[in-house]
file run.csv (CSV, C-alpha atoms)
chain,number,residue,atom,x,y,z
A,1,GLY,CA,30.8,39.7,-12.4
A,2,ALA,CA,32.9,41.9,-14.6
A,3,VAL,CA,35.7,42.6,-12.1
A,4,VAL,CA,39.0,44.2,-13.1
A,5,SER,CA,41.9,44.2,-10.8
A,6,GLN,CA,45.2,46.2,-10.8
A,7,HIS,CA,48.4,45.5,-9.1
A,8,PRO,CA,50.0,47.2,-7.3
A,9,SER,CA,47.5,49.7,-6.0
A,10,TRP,CA,50.4,52.1,-5.3
A,11,VAL,CA,54.1,52.2,-5.9
A,12,ILE,CA,56.9,54.6,-5.1
A,13,CYS,CA,60.1,54.3,-7.1
A,14,LYS,CA,63.4,56.1,-7.7
A,15,SER,CA,63.9,58.2,-10.8
A,16,GLY,CA,65.4,56.1,-13.6
A,17,THR,CA,63.9,52.8,-12.5
A,18,SER,CA,61.2,50.9,-14.4
A,19,VAL,CA,57.8,50.0,-12.9
A,20,LYS,CA,55.4,47.3,-14.1
A,21,ILE,CA,51.6,47.6,-13.5
A,22,GLU,CA,49.3,44.6,-14.1
A,23,CYS,CA,45.7,44.7,-15.1
A,24,ARG,CA,43.6,41.5,-14.9
A,25,SER,CA,40.0,40.7,-15.8
A,26,LEU,CA,39.1,38.3,-13.1
A,27,ASP,CA,35.9,36.7,-14.4
A,28,PHE,CA,35.8,37.4,-18.1
A,29,GLN,CA,38.0,37.4,-21.1
A,30,ALA,CA,39.0,40.8,-22.5
A,31,THR,CA,40.1,40.9,-26.1
A,32,THR,CA,40.7,44.6,-25.7
A,33,MET,CA,42.1,46.5,-22.7
A,34,PHE,CA,42.7,50.2,-22.3
A,35,TRP,CA,45.3,52.2,-20.3
A,36,TYR,CA,44.4,55.7,-19.0
A,37,ARG,CA,46.3,58.3,-17.1
A,38,GLN,CA,44.5,60.6,-14.6
A,39,PHE,CA,46.1,63.7,-13.2
A,40,PRO,CA,44.8,65.2,-9.9
A,41,LYS,CA,41.3,66.7,-10.3
A,42,GLN,CA,41.4,66.1,-14.0
A,43,SER,CA,39.8,63.6,-16.4
A,44,LEU,CA,41.1,60.3,-17.7
A,45,MET,CA,43.3,60.5,-20.8
A,46,LEU,CA,43.5,57.5,-23.0
A,47,MET,CA,47.1,56.4,-23.4
A,48,ALA,CA,46.8,53.2,-25.5
A,49,THR,CA,44.6,50.4,-26.6
A,50,SER,CA,45.9,46.9,-25.9
A,51,ASN,CA,44.7,44.0,-28.0
A,52,GLU,CA,45.6,40.4,-27.1
A,53,GLY,CA,48.3,39.0,-29.3
A,54,SER,CA,49.1,42.2,-31.1
A,55,LYS,CA,50.9,45.4,-30.6
A,56,ALA,CA,49.2,48.2,-28.7
A,57,THR,CA,47.9,51.2,-30.4
A,58,TYR,CA,49.1,54.4,-28.7
A,59,GLU,CA,47.4,57.8,-28.7
A,60,GLN,CA,49.1,60.8,-30.1
A,61,GLY,CA,51.7,62.2,-27.9
A,62,VAL,CA,52.2,59.0,-25.8
A,63,GLU,CA,55.8,57.6,-26.1
A,64,LYS,CA,55.5,53.9,-26.9
A,65,ASP,CA,59.1,53.3,-25.9
A,66,LYS,CA,58.5,54.8,-22.5
A,67,PHE,CA,55.1,53.1,-21.8
A,68,LEU,CA,55.5,49.5,-22.8
A,69,ILE,CA,52.3,47.6,-23.1
A,70,ASN,CA,52.0,43.8,-23.3
A,71,HIS,CA,48.7,42.0,-23.6
A,72,ALA,CA,49.9,38.5,-22.9
A,73,SER,CA,46.6,36.8,-22.5
A,74,LEU,CA,42.9,37.4,-22.6
A,75,THR,CA,42.9,38.2,-18.9
A,76,LEU,CA,46.2,40.1,-18.5
A,77,SER,CA,47.7,43.3,-19.8
A,78,THR,CA,50.8,45.0,-18.4
A,79,LEU,CA,52.0,48.6,-18.5
A,80,THR,CA,55.7,49.1,-17.9
A,81,VAL,CA,56.9,52.7,-17.3
A,82,THR,CA,60.5,52.6,-18.3
A,83,SER,CA,63.2,54.9,-16.8
A,84,ALA,CA,60.5,56.7,-14.8
A,85,HIS,CA,60.9,60.3,-13.9
A,86,PRO,CA,59.0,62.5,-11.5
A,87,GLU,CA,56.8,63.9,-14.3
A,88,ASP,CA,55.5,60.3,-14.8
A,89,SER,CA,53.9,60.4,-11.4
A,90,SER,CA,50.2,59.9,-11.9
A,91,PHE,CA,47.2,57.7,-11.4
A,92,TYR,CA,47.2,54.9,-14.0
A,93,ILE,CA,43.9,53.2,-14.7
A,94,CYS,CA,43.1,50.2,-16.9
A,95,SER,CA,39.8,49.1,-18.3
A,96,ALA,CA,38.7,45.9,-20.1
A,97,ASP,CA,36.2,45.5,-22.8
A,98,ARG,CA,33.9,42.6,-22.2
A,99,GLY,CA,33.6,42.0,-25.8
A,100,SER,CA,31.9,38.9,-27.3
A,101,SER,CA,32.5,37.3,-30.6
A,102,GLY,CA,31.5,39.7,-33.3
A,103,GLY,CA,32.4,42.8,-31.4
A,104,SER,CA,32.3,45.0,-28.4
A,105,THR,CA,29.6,45.1,-25.8
A,106,ASP,CA,29.9,48.9,-25.6
A,107,THR,CA,30.9,48.8,-22.0
A,108,GLN,CA,34.3,49.0,-20.3
A,109,TYR,CA,35.0,47.8,-16.8
A,110,PHE,CA,37.6,49.8,-14.9
A,111,GLY,CA,40.3,48.7,-12.5
A,112,PRO,CA,40.8,50.6,-9.2
A,113,GLY,CA,43.9,52.3,-10.5
A,114,THR,CA,47.6,52.4,-9.5
A,115,ARG,CA,49.1,55.5,-7.9
A,116,LEU,CA,52.7,55.9,-9.1
A,117,THR,CA,55.0,58.3,-7.4
A,118,VAL,CA,58.5,58.8,-8.8
A,119,LEU,CA,61.0,60.4,-6.4
B,120,GLY,CA,37.1,64.9,-33.2
B,121,ASN,CA,35.3,63.7,-30.1
B,122,SER,CA,35.0,65.8,-27.0
B,123,VAL,CA,32.9,66.0,-23.9
B,124,THR,CA,32.2,69.2,-21.9
B,125,GLN,CA,30.6,69.0,-18.5
B,126,MET,CA,29.8,71.6,-15.9
B,127,GLU,CA,32.6,72.5,-13.6
B,128,GLY,CA,32.3,71.7,-9.9
B,129,PRO,CA,32.5,71.4,-7.2
B,130,VAL,CA,28.8,71.1,-6.5
B,131,THR,CA,27.7,71.0,-2.9
B,132,LEU,CA,24.1,70.1,-2.0
B,133,SER,CA,22.0,69.2,1.0
B,134,GLU,CA,20.4,65.8,1.3
B,135,GLU,CA,17.1,65.4,-0.7
B,136,ALA,CA,18.1,68.3,-3.0
B,137,PHE,CA,17.7,68.0,-6.8
B,138,LEU,CA,20.9,67.4,-8.7
B,139,THR,CA,21.7,68.3,-12.3
B,140,ILE,CA,25.0,67.9,-14.0
B,141,ASN,CA,25.1,69.3,-17.6
B,142,CYS,CA,27.0,67.4,-20.3
B,143,THR,CA,27.3,68.2,-23.9
B,144,TYR,CA,29.4,66.5,-26.6
B,145,THR,CA,30.8,66.8,-30.1
B,146,ALA,CA,31.4,63.6,-32.1
B,147,THR,CA,31.4,62.2,-35.6
B,148,GLY,CA,28.8,59.5,-36.3
B,149,TYR,CA,26.5,58.1,-33.6
B,150,PRO,CA,28.3,57.7,-30.3
B,151,SER,CA,27.1,55.9,-27.2
B,152,LEU,CA,26.9,58.1,-24.1
B,153,PHE,CA,27.8,57.2,-20.5
B,154,TRP,CA,27.9,58.5,-17.0
B,155,TYR,CA,30.6,57.0,-14.8
B,156,VAL,CA,30.9,57.6,-11.0
B,157,GLN,CA,34.1,57.5,-9.0
B,158,TYR,CA,33.6,57.2,-5.2
B,159,PRO,CA,36.4,58.3,-2.9
B,160,GLY,CA,39.3,55.8,-3.1
B,161,GLU,CA,37.6,53.6,-5.7
B,162,GLY,CA,37.8,53.1,-9.5
B,163,LEU,CA,35.3,54.3,-12.0
B,164,GLN,CA,32.0,52.5,-12.1
B,165,LEU,CA,29.4,52.7,-14.9
B,166,LEU,CA,26.4,54.5,-13.6
B,167,LEU,CA,24.2,54.5,-16.7
B,168,LYS,CA,24.4,54.6,-20.5
B,169,ALA,CA,22.4,55.3,-23.6
B,170,THR,CA,23.2,54.0,-27.1
B,171,LYS,CA,21.0,56.0,-29.4
B,172,ALA,CA,19.0,59.2,-29.6
B,173,ASP,CA,16.1,59.6,-27.2
B,174,ASP,CA,17.2,56.7,-25.1
B,175,LYS,CA,17.0,57.3,-21.4
B,176,GLY,CA,19.5,55.6,-19.1
B,177,SER,CA,18.7,55.2,-15.5
B,178,ASN,CA,20.2,53.6,-12.4
B,179,LYS,CA,20.1,54.2,-8.6
B,180,GLY,CA,17.6,57.1,-9.1
B,181,PHE,CA,19.8,58.8,-11.6
B,182,GLU,CA,18.6,59.5,-15.2
B,183,ALA,CA,20.0,60.9,-18.4
B,184,THR,CA,18.4,61.2,-21.8
B,185,TYR,CA,20.4,61.2,-25.1
B,186,ARG,CA,19.4,64.4,-26.9
B,187,LYS,CA,20.8,64.4,-30.4
B,188,GLU,CA,19.3,67.7,-31.3
B,189,THR,CA,21.1,69.5,-28.5
B,190,THR,CA,24.0,67.1,-28.3
B,191,SER,CA,23.5,66.7,-24.6
B,192,PHE,CA,23.3,64.0,-21.9
B,193,HIS,CA,22.5,65.8,-18.7
B,194,LEU,CA,22.5,63.8,-15.5
B,195,GLU,CA,19.7,64.3,-13.0
B,196,LYS,CA,18.6,62.9,-9.6
B,197,GLY,CA,15.5,64.1,-7.8
B,198,SER,CA,16.7,63.5,-4.2
B,199,VAL,CA,20.3,63.0,-3.4
B,200,GLN,CA,21.8,61.2,-0.4
B,201,VAL,CA,25.1,61.6,1.4
B,202,SER,CA,26.2,58.4,-0.3
B,203,ASP,CA,26.0,60.1,-3.7
B,204,SER,CA,29.0,62.2,-2.9
B,205,ALA,CA,31.5,61.3,-5.7
B,206,VAL,CA,33.1,62.5,-8.9
B,207,TYR,CA,30.8,62.1,-11.9
B,208,PHE,CA,32.2,61.7,-15.4
B,209,CYS,CA,30.3,62.1,-18.6
B,210,ALA,CA,31.8,60.1,-21.5
B,211,LEU,CA,31.1,59.2,-25.1
B,212,ARG,CA,32.3,56.1,-27.0
B,213,ASN,CA,33.1,56.2,-30.6
B,214,ASP,CA,35.2,53.7,-32.5
B,215,TYR,CA,35.7,51.6,-29.3
B,216,LYS,CA,37.4,54.6,-27.5
B,217,LEU,CA,36.0,56.5,-24.5
B,218,SER,CA,36.4,60.2,-24.3
B,219,PHE,CA,35.8,61.7,-20.9
B,220,GLY,CA,34.7,65.0,-19.6
B,221,ALA,CA,36.7,66.7,-16.9
B,222,GLY,CA,34.6,65.3,-14.1
B,223,THR,CA,32.3,67.1,-11.6
B,224,THR,CA,32.8,66.6,-7.9
B,225,VAL,CA,29.5,66.4,-6.0
B,226,THR,CA,29.4,66.7,-2.2
B,227,VAL,CA,26.1,66.0,-0.4
B,228,ARG,CA,25.8,67.3,3.2
B,229,ALA,CA,23.4,65.8,5.7

call {"tool": "encode", "arguments": {"input": "run.csv", "output": "structure tokens"}}
result
Amino acid sequence: GAVVSQHPSWVICKSGTSVKIECRSLDFQATTMFWYRQFPKQSLMLMATSNEGSKATYEQGVEKDKFLINHASLTLSTLTVTSAHPEDSSFYICSADRGSSGGSTDTQYFGPGTRLTVL
Amino acid sequence: GNSVTQMEGPVTLSEEAFLTINCTYTATGYPSLFWYVQYPGEGLQLLLKATKADDKGSNKGFEATYRKETTSFHLEKGSVQVSDSAVYFCALRNDYKLSFGAGTTVTVRA
């Protein structure tokens, strides 16, 4: 159990276009999902926290108008990179908190990541 | 704020060698501590965790003990295998957010 999927696994797009990345918890409901960005040979940097039915909370320095997050249901969160530019090229990873009523289980389950390349 | 510092890699070992990856942290309050592993081409997987001081997390022969006095959570394995080749991330969780170390690449040679 506790599987998180991401789609697509990789995407190449032209500069100026928008790209949507989906994150799904396949066998559990996730009240909270997280979006990270990972640069080559570096650690994961938290971009935003996504809560079902409410607006996402963005980390300092992350442009909310550029990285649109929608947590439409308890099993789906989407990240849309708007007007993408080459500097947005990165590995984007989501995770889901398998929280139960009353709070978090203290464990996040990670998706396999999406490689975005902007030409 | 919260931060995690782990030893830089890459680390290259022979099979059956002893592995230690140092990890220290700074945090407010009482964080939970984690080690995640990322195998080539795959997403992060939870390797082990500890939620309070003196707890020992263990899994697949790996161990780490939550040391509050030294703010450390060093990862150890007594005899590594080629299949342990991966990137290892130390992390802490505070206020539902994970903060990661930079990752340590481990390569085990047969």

call {"tool": "closest_residue", "arguments": {"input": "run.csv", "among": "A:Gln6, A:Thr31, A:Thr75, A:Ser83", "to": "A:Asp97", "atoms": "all atoms listed in the file"}}
result
A:Thr31

call {"tool": "closest_residue", "arguments": {"input": "run.csv", "among": "A:Val11, A:Glu22, A:Ser95, A:Thr17", "to": "A:Thr49", "atoms": "all atoms listed in the file"}}
result
A:Ser95

call {"tool": "residues_around", "arguments": {"input": "run.csv", "residues": "stretch 161-170 of chain B", "least_positions_apart": "5", "cutoff": "7 Å", "atoms": "all atoms listed in the file", "output": "PDB file with C-alpha atoms, keeping the file's coordinate frame"}}
result
ATOM      1  CA  PHE A 110      37.600  49.800 -14.900  1.00  0.00           C
ATOM      2  CA  GLY A 111      40.300  48.700 -12.500  1.00  0.00           C
ATOM      3  CA  PRO A 112      40.800  50.600  -9.200  1.00  0.00           C
ATOM      4  CA  GLY A 113      43.900  52.300 -10.500  1.00  0.00           C
TER       5      GLY A 113
ATOM      6  CA  SER B 151      27.100  55.900 -27.200  1.00  0.00           C
ATOM      7  CA  LEU B 152      26.900  58.100 -24.100  1.00  0.00           C
ATOM      8  CA  PHE B 153      27.800  57.200 -20.500  1.00  0.00           C
ATOM      9  CA  TRP B 154      27.900  58.500 -17.000  1.00  0.00           C
ATOM     10  CA  TYR B 155      30.600  57.000 -14.800  1.00  0.00           C
ATOM     11  CA  VAL B 156      30.900  57.600 -11.000  1.00  0.00           C
ATOM     12  CA  LYS B 175      17.000  57.300 -21.400  1.00  0.00           C
ATOM     13  CA  GLY B 176      19.500  55.600 -19.100  1.00  0.00           C
ATOM     14  CA  SER B 177      18.700  55.200 -15.500  1.00  0.00           C
ATOM     15  CA  ASN B 178      20.200  53.600 -12.400  1.00  0.00           C
ATOM     16  CA  TYR B 185      20.400  61.200 -25.100  1.00  0.00           C
TER      17      TYR B 185
END

call {"tool": "closest_residue", "arguments": {"input": "run.csv", "among": "B:Lys179, B:Arg228, B:Tyr215, B:Tyr149", "to": "A:Met33", "atoms": "only C-alpha atoms"}}
result
B:Tyr215

call {"tool": "closest_residue", "arguments": {"input": "run.csv", "among": "A:Leu116, A:Ala96, A:Met47, A:Leu74", "to": "A:Ser5", "atoms": "only C-alpha atoms"}}
result
A:Ala96

call {"tool": "atom_distance", "arguments": {"input": "run.csv", "atom1": "atom CA of A:Leu26", "atom2": "atom CA of A:Thr114"}}
result
16.9 Å

call {"tool": "atom_distance", "arguments": {"input": "run.csv", "atom1": "atom CA of A:Ala84", "atom2": "atom CA of A:Lys64"}}
result
13.4 Å

call {"tool": "residues_around", "arguments": {"input": "run.csv", "residues": "stretch 208-213 of chain B", "least_positions_apart": "6", "cutoff": "9 Å", "atoms": "only C-alpha atoms", "output": "PyMOL selection string"}}
result
(chain A and resi 43+106-107) or (chain B and resi 121-125+141-144+146-157+163+192-194+219-224)

call {"tool": "atom_distance", "arguments": {"input": "run.csv", "atom1": "atom CA of B:Lys196", "atom2": "atom CA of B:Leu138"}}
result
5.1 Å

call {"tool": "closest_residue", "arguments": {"input": "run.csv", "among": "A:Thr57, A:Ser90, A:Gln42, A:Asn51", "to": "A:Leu76", "atoms": "only C-alpha atoms"}}
result
A:Asn51

call {"tool": "closest_residue", "arguments": {"input": "run.csv", "among": "B:Ser204, B:Thr226, B:Thr145, B:Ser218", "to": "chain A", "atoms": "all atoms listed in the file"}}
result
B:Ser218

call {"tool": "residues_around", "arguments": {"input": "run.csv", "residues": "stretch 66-70 of chain A", "least_positions_apart": "6", "cutoff": "10 Å", "atoms": "only C-alpha atoms", "output": "PDB file with C-alpha atoms, in the frame of the given file"}}
result
ATOM      1  CA  SER A  18      61.200  50.900 -14.400  1.00  0.00           C
ATOM      2  CA  VAL A  19      57.800  50.000 -12.900  1.00  0.00           C
ATOM      3  CA  LYS A  20      55.400  47.300 -14.100  1.00  0.00           C
ATOM      4  CA  ILE A  21      51.600  47.600 -13.500  1.00  0.00           C
ATOM      5  CA  GLU A  22      49.300  44.600 -14.100  1.00  0.00           C
ATOM      6  CA  PHE A  34      42.700  50.200 -22.300  1.00  0.00           C
ATOM      7  CA  TRP A  35      45.300  52.200 -20.300  1.00  0.00           C
ATOM      8  CA  MET A  47      47.100  56.400 -23.400  1.00  0.00           C
ATOM      9  CA  ALA A  48      46.800  53.200 -25.500  1.00  0.00           C
ATOM     10  CA  THR A  49      44.600  50.400 -26.600  1.00  0.00           C
ATOM     11  CA  SER A  50      45.900  46.900 -25.900  1.00  0.00           C
ATOM     12  CA  ASN A  51      44.700  44.000 -28.000  1.00  0.00           C
ATOM     13  CA  GLU A  52      45.600  40.400 -27.100  1.00  0.00           C
ATOM     14  CA  GLY A  53      48.300  39.000 -29.300  1.00  0.00           C
ATOM     15  CA  SER A  54      49.100  42.200 -31.100  1.00  0.00           C
ATOM     16  CA  LYS A  55      50.900  45.400 -30.600  1.00  0.00           C
ATOM     17  CA  ALA A  56      49.200  48.200 -28.700  1.00  0.00           C
ATOM     18  CA  THR A  57      47.900  51.200 -30.400  1.00  0.00           C
ATOM     19  CA  TYR A  58      49.100  54.400 -28.700  1.00  0.00           C
ATOM     20  CA  LEU A  76      46.200  40.100 -18.500  1.00  0.00           C
ATOM     21  CA  SER A  77      47.700  43.300 -19.800  1.00  0.00           C
ATOM     22  CA  THR A  78      50.800  45.000 -18.400  1.00  0.00           C
ATOM     23  CA  LEU A  79      52.000  48.600 -18.500  1.00  0.00           C
ATOM     24  CA  THR A  80      55.700  49.100 -17.900  1.00  0.00           C
ATOM     25  CA  VAL A  81      56.900  52.700 -17.300  1.00  0.00           C
ATOM     26  CA  THR A  82      60.500  52.600 -18.300  1.00  0.00           C
ATOM     27  CA  SER A  83      63.200  54.900 -16.800  1.00  0.00           C
ATOM     28  CA  ALA A  84      60.500  56.700 -14.800  1.00  0.00           C
ATOM     29  CA  ASP A  88      55.500  60.300 -14.800  1.00  0.00           C
TER      30      ASP A  88
END
